[in-house]
Amino acid sequence: YMCLSHCWGTDKFLITTTKNLSDHKQRIPWDSLPTTFQHAIGFTRRLGVRYIWIDSLCIVQDDLKDWQRESSQMCTVYKNSFLTLAASAASSSLKGLFQYTTSTPILSLPVRFYTNLPEIISLRKAIQHPFIDTPFKKVTDRFPLLGQAWVYQERLLSPRTLHFGQGELIWECSTQTVCECNSLHVEGTYHTATLLRPSSSDLAARGLAIVTDYSRLSITFMSDRLSALVGIAQQFAEHRKSRYLAGLWEETFAGDMLWELNEFYPNSKRVAQATRAPSWSWVSTEHQVFYPDGTAESVLDFKVLEVQVSRDDTNEFGHVGSSHVKLCGRLTEM
């Protein structure tokens with residue numbers, strides 16, 4: 001089966017609810033599907049694959065129990081898919097997979113080289129690419145999907161992702177990320193399939209890097225920050241064999257508490273009341289955090305005596321309730 005990764009946007013489009021669930025089990029009229037869904041289904045058929053998983057159709061959106069159950073299965077859904085189609089350049093599901101731009105004219109110049117034979121050199125404005133040294137704001141302007149928190153784990157968990165950009169396709173997998181124009185070629189060291197191999201020795205450091213990247217992404221409800229990362233947390237849990245405590249890991253809990261607010265967000269503030277996240281967790285702020293270099297290898301002069309985190313639901317990686325931590329260490333006057 002295939003998966004579709006897409007921006008919901010502000011436009012209304014077809015979703016599954018308790019009212020239309022029975023009808024959707026029988027049939028979904030083609031004309032009722034938004035353009036992105038139609039393109040994705042057509043592409044899936046062309047590849048000879050019979051099934052496609054689309055979150056807004058496969059999860060009953062107004063059924064909290066169904067939502068909690070299905071959101072806890074994101075790791076399994078994306079990890080076991082054949083291919084994820086990412087509508088990366090579309091700001092909503094009405095825009096479609098295929099984005100074309102006419103703002104980059106091609107210029108053809110006749111030239112003669114030393115052979116004196118006539119040749120043609122064609123020029124075009126360079127295509128901007130994600131995943132390389134491009135300012136994050138420019139990336140999200142051209143690839144709105146990549147700025148969404150819920151999409152982050154879909155990318156990292158999928159064995160293969162095909163991004164539909166403006167003017168070209170981008171292939172991303174655990175081995176490499178490449179584009180059609182050959183300007184983009186990134187080794188796949190950041191993919192979870194690579195990170196979580198049993199031979200990986202830097203899970204703690206890579207986990208902190210994931211938090212840094214993830215915390216700058218947009219999310220509609222701050223209370224969903226942990227839920228949107230459930231799949232990656234489940235992947236890590238298979239190898240870390242440690243309790244997951246409101247976004248931190250018990251085995252490296254002291255170091256995981258050493259996050260800082262990114263200085264590029266001068267108005268960063270805590271939103272613990274809205275998220276119900278404890279103040280010692282990075283989830284308690286609405287802005288990007290980072291960990292100073294060497295945090296994962298830090299030798300700390302205090303001990304964690306006790307950590308307790310209560311759950312709002314049955315998913316140990318999702319929403320949290322009341323929490324507390326007991327530390328033992330030196331005090332200093334501030």
# chains A, B, ... in the order shown; residues from 1 in each chain; ligands from 1
>>> select_by_dssp(residues="region 62-259 of chain A", states="strand (DSSP E)", output="number ranges by chain")
A: 83-86, 107-112, 118-123, 160-164, 169-173, 176-179, 185-187, 244-245, 248-249
>>> residues_around(residues="Ile106 (chain A)", least_positions_apart="3", cutoff="8 Å", atoms="only C-alpha atoms", output="list in words")
Ser122, Leu123, Arg124 and Lys125 of chain A
>>> residues_around(residues="region 320-325 of chain A", least_positions_apart="4", cutoff="12 Å", atoms="only C-alpha atoms", output="PyMOL selection string")
chain A and resi 223-227+244-248+250+253-254+257+272-281+283-284+303-316
>>> closest_atom_pairs(of="region 155-266 of chain A", to="region 6-30 of chain A", cutoff="12 Å", atoms="only C-alpha atoms", output="JSON lines")
{"residue": "A:Arg155", "atom": "CA", "partner": "A:His6", "partner_atom": "CA", "distance": 11.2}
{"residue": "A:Leu162", "atom": "CA", "partner": "A:His6", "partner_atom": "CA", "distance": 12.0}
{"residue": "A:His163", "atom": "CA", "partner": "A:His6", "partner_atom": "CA", "distance": 10.3}
{"residue": "A:Phe164", "atom": "CA", "partner": "A:His6", "partner_atom": "CA", "distance": 10.5}
{"residue": "A:Ser218", "atom": "CA", "partner": "A:Cys7", "partner_atom": "CA", "distance": 11.3}
{"residue": "A:Ile219", "atom": "CA", "partner": "A:Cys7", "partner_atom": "CA", "distance": 11.3}
{"residue": "A:Thr220", "atom": "CA", "partner": "A:Gly9", "partner_atom": "CA", "distance": 10.4}
>>> atom_distance(atom1="CA of Ile41 (chain A)", atom2="CA of Thr161 (chain A)")
15.5 Å
>>> decode(residues="region 204-220 of chain A", atoms="all heavy atoms", output="PDB file, in the first residue's frame")
ATOM      1  N   ALA A 204      21.402   8.843  21.453  1.00  0.00           N
ATOM      2  CA  ALA A 204      21.080   9.962  22.332  1.00  0.00           C
ATOM      3  C   ALA A 204      21.307  11.291  21.622  1.00  0.00           C
ATOM      4  O   ALA A 204      20.449  12.176  21.643  1.00  0.00           O
ATOM      5  CB  ALA A 204      21.917   9.889  23.604  1.00  0.00           C
ATOM      6  N   ALA A 205      22.443  11.445  20.971  1.00  0.00           N
ATOM      7  CA  ALA A 205      22.763  12.689  20.268  1.00  0.00           C
ATOM      8  C   ALA A 205      21.813  12.928  19.110  1.00  0.00           C
ATOM      9  O   ALA A 205      21.345  14.046  18.889  1.00  0.00           O
ATOM     10  CB  ALA A 205      24.206  12.659  19.776  1.00  0.00           C
ATOM     11  N   ARG A 206      21.481  11.886  18.376  1.00  0.00           N
ATOM     12  CA  ARG A 206      20.580  12.042  17.243  1.00  0.00           C
ATOM     13  C   ARG A 206      19.162  12.348  17.721  1.00  0.00           C
ATOM     14  O   ARG A 206      18.412  13.069  17.070  1.00  0.00           O
ATOM     15  CB  ARG A 206      20.587  10.789  16.364  1.00  0.00           C
ATOM     16  CG  ARG A 206      21.949  10.457  15.779  1.00  0.00           C
ATOM     17  CD  ARG A 206      22.548  11.639  15.042  1.00  0.00           C
ATOM     18  NE  ARG A 206      21.797  11.963  13.841  1.00  0.00           N
ATOM     19  CZ  ARG A 206      22.007  13.067  13.132  1.00  0.00           C
ATOM     20  NH1 ARG A 206      22.919  13.932  13.509  1.00  0.00           N
ATOM     21  NH2 ARG A 206      21.297  13.296  12.039  1.00  0.00           N
ATOM     22  N   GLY A 207      18.794  11.799  18.860  1.00  0.00           N
ATOM     23  CA  GLY A 207      17.487  12.111  19.423  1.00  0.00           C
ATOM     24  C   GLY A 207      17.357  13.588  19.767  1.00  0.00           C
ATOM     25  O   GLY A 207      16.312  14.204  19.545  1.00  0.00           O
ATOM     26  N   LEU A 208      18.429  14.180  20.296  1.00  0.00           N
ATOM     27  CA  LEU A 208      18.417  15.608  20.605  1.00  0.00           C
ATOM     28  C   LEU A 208      18.327  16.440  19.324  1.00  0.00           C
ATOM     29  O   LEU A 208      17.661  17.477  19.289  1.00  0.00           O
ATOM     30  CB  LEU A 208      19.681  15.992  21.385  1.00  0.00           C
ATOM     31  CG  LEU A 208      19.903  15.280  22.729  1.00  0.00           C
ATOM     32  CD1 LEU A 208      21.121  15.860  23.436  1.00  0.00           C
ATOM     33  CD2 LEU A 208      18.672  15.384  23.617  1.00  0.00           C
ATOM     34  N   ALA A 209      18.998  15.980  18.262  1.00  0.00           N
ATOM     35  CA  ALA A 209      18.933  16.688  16.978  1.00  0.00           C
ATOM     36  C   ALA A 209      17.517  16.657  16.407  1.00  0.00           C
ATOM     37  O   ALA A 209      17.047  17.638  15.810  1.00  0.00           O
ATOM     38  CB  ALA A 209      19.921  16.065  15.987  1.00  0.00           C
ATOM     39  N   ILE A 210      16.835  15.546  16.580  1.00  0.00           N
ATOM     40  CA  ILE A 210      15.456  15.432  16.107  1.00  0.00           C
ATOM     41  C   ILE A 210      14.554  16.409  16.855  1.00  0.00           C
ATOM     42  O   ILE A 210      13.702  17.081  16.263  1.00  0.00           O
ATOM     43  CB  ILE A 210      14.952  13.984  16.250  1.00  0.00           C
ATOM     44  CG1 ILE A 210      15.563  13.113  15.142  1.00  0.00           C
ATOM     45  CG2 ILE A 210      13.433  13.914  16.210  1.00  0.00           C
ATOM     46  CD1 ILE A 210      15.190  11.657  15.215  1.00  0.00           C
ATOM     47  N   VAL A 211      14.734  16.527  18.163  1.00  0.00           N
ATOM     48  CA  VAL A 211      13.953  17.482  18.951  1.00  0.00           C
ATOM     49  C   VAL A 211      14.192  18.905  18.453  1.00  0.00           C
ATOM     50  O   VAL A 211      13.256  19.700  18.304  1.00  0.00           O
ATOM     51  CB  VAL A 211      14.307  17.367  20.448  1.00  0.00           C
ATOM     52  CG1 VAL A 211      13.717  18.551  21.227  1.00  0.00           C
ATOM     53  CG2 VAL A 211      13.793  16.061  21.023  1.00  0.00           C
ATOM     54  N   THR A 212      15.451  19.241  18.166  1.00  0.00           N
ATOM     55  CA  THR A 212      15.785  20.584  17.683  1.00  0.00           C
ATOM     56  C   THR A 212      15.071  20.873  16.369  1.00  0.00           C
ATOM     57  O   THR A 212      14.478  21.949  16.191  1.00  0.00           O
ATOM     58  CB  THR A 212      17.302  20.718  17.485  1.00  0.00           C
ATOM     59  OG1 THR A 212      17.966  20.527  18.746  1.00  0.00           O
ATOM     60  CG2 THR A 212      17.663  22.092  16.937  1.00  0.00           C
ATOM     61  N   ASP A 213      15.111  19.942  15.439  1.00  0.00           N
ATOM     62  CA  ASP A 213      14.448  20.137  14.146  1.00  0.00           C
ATOM     63  C   ASP A 213      12.932  20.174  14.285  1.00  0.00           C
ATOM     64  O   ASP A 213      12.255  21.031  13.714  1.00  0.00           O
ATOM     65  CB  ASP A 213      14.840  19.011  13.180  1.00  0.00           C
ATOM     66  CG  ASP A 213      16.138  19.323  12.450  1.00  0.00           C
ATOM     67  OD1 ASP A 213      16.675  20.430  12.652  1.00  0.00           O
ATOM     68  OD2 ASP A 213      16.610  18.476  11.694  1.00  0.00           O
ATOM     69  N   TYR A 214      12.413  19.241  15.040  1.00  0.00           N
ATOM     70  CA  TYR A 214      10.960  19.116  15.172  1.00  0.00           C
ATOM     71  C   TYR A 214      10.339  20.319  15.867  1.00  0.00           C
ATOM     72  O   TYR A 214       9.244  20.770  15.492  1.00  0.00           O
ATOM     73  CB  TYR A 214      10.632  17.836  15.945  1.00  0.00           C
ATOM     74  CG  TYR A 214       9.175  17.671  16.295  1.00  0.00           C
ATOM     75  CD1 TYR A 214       8.251  17.288  15.331  1.00  0.00           C
ATOM     76  CD2 TYR A 214       8.711  17.914  17.593  1.00  0.00           C
ATOM     77  CE1 TYR A 214       6.902  17.131  15.648  1.00  0.00           C
ATOM     78  CE2 TYR A 214       7.382  17.776  17.914  1.00  0.00           C
ATOM     79  CZ  TYR A 214       6.472  17.384  16.939  1.00  0.00           C
ATOM     80  OH  TYR A 214       5.143  17.247  17.267  1.00  0.00           O
ATOM     81  N   SER A 215      11.027  20.883  16.858  1.00  0.00           N
ATOM     82  CA  SER A 215      10.431  21.936  17.680  1.00  0.00           C
ATOM     83  C   SER A 215      10.198  23.238  16.924  1.00  0.00           C
ATOM     84  O   SER A 215       9.465  24.104  17.401  1.00  0.00           O
ATOM     85  CB  SER A 215      11.316  22.209  18.908  1.00  0.00           C
ATOM     86  OG  SER A 215      12.597  22.699  18.515  1.00  0.00           O
ATOM     87  N   ARG A 216      10.791  23.402  15.741  1.00  0.00           N
ATOM     88  CA  ARG A 216      10.574  24.631  14.969  1.00  0.00           C
ATOM     89  C   ARG A 216       9.398  24.516  13.990  1.00  0.00           C
ATOM     90  O   ARG A 216       9.059  25.478  13.307  1.00  0.00           O
ATOM     91  CB  ARG A 216      11.830  24.994  14.190  1.00  0.00           C
ATOM     92  CG  ARG A 216      12.191  24.023  13.072  1.00  0.00           C
ATOM     93  CD  ARG A 216      13.463  24.455  12.377  1.00  0.00           C
ATOM     94  NE  ARG A 216      13.880  23.480  11.360  1.00  0.00           N
ATOM     95  CZ  ARG A 216      14.955  23.626  10.591  1.00  0.00           C
ATOM     96  NH1 ARG A 216      15.695  24.702  10.724  1.00  0.00           N
ATOM     97  NH2 ARG A 216      15.275  22.709   9.705  1.00  0.00           N
ATOM     98  N   LEU A 217       8.780  23.353  13.921  1.00  0.00           N
ATOM     99  CA  LEU A 217       7.713  23.125  12.949  1.00  0.00           C
ATOM    100  C   LEU A 217       6.362  23.595  13.468  1.00  0.00           C
ATOM    101  O   LEU A 217       6.120  23.658  14.672  1.00  0.00           O
ATOM    102  CB  LEU A 217       7.658  21.636  12.588  1.00  0.00           C
ATOM    103  CG  LEU A 217       8.955  21.051  12.020  1.00  0.00           C
ATOM    104  CD1 LEU A 217       8.795  19.557  11.768  1.00  0.00           C
ATOM    105  CD2 LEU A 217       9.371  21.771  10.741  1.00  0.00           C
ATOM    106  N   SER A 218       5.471  23.907  12.546  1.00  0.00           N
ATOM    107  CA  SER A 218       4.159  24.458  12.891  1.00  0.00           C
ATOM    108  C   SER A 218       3.182  23.346  13.263  1.00  0.00           C
ATOM    109  O   SER A 218       3.191  22.265  12.656  1.00  0.00           O
ATOM    110  CB  SER A 218       3.587  25.245  11.709  1.00  0.00           C
ATOM    111  OG  SER A 218       4.443  26.313  11.356  1.00  0.00           O
ATOM    112  N   ILE A 219       2.345  23.632  14.237  1.00  0.00           N
ATOM    113  CA  ILE A 219       1.307  22.691  14.636  1.00  0.00           C
ATOM    114  C   ILE A 219       0.105  23.493  15.112  1.00  0.00           C
ATOM    115  O   ILE A 219       0.257  24.526  15.777  1.00  0.00           O
ATOM    116  CB  ILE A 219       1.817  21.727  15.731  1.00  0.00           C
ATOM    117  CG1 ILE A 219       0.858  20.547  15.902  1.00  0.00           C
ATOM    118  CG2 ILE A 219       2.048  22.448  17.051  1.00  0.00           C
ATOM    119  CD1 ILE A 219       1.457  19.387  16.687  1.00  0.00           C
ATOM    120  N   THR A 220      -1.089  23.072  14.745  1.00  0.00           N
ATOM    121  CA  THR A 220      -2.297  23.833  15.060  1.00  0.00           C
ATOM    122  C   THR A 220      -2.577  23.854  16.553  1.00  0.00           C
ATOM    123  O   THR A 220      -2.838  24.904  17.137  1.00  0.00           O
ATOM    124  CB  THR A 220      -3.507  23.237  14.315  1.00  0.00           C
ATOM    125  OG1 THR A 220      -3.233  23.233  12.902  1.00  0.00           O
ATOM    126  CG2 THR A 220      -4.755  24.075  14.572  1.00  0.00           C
TER     127      THR A 220
END
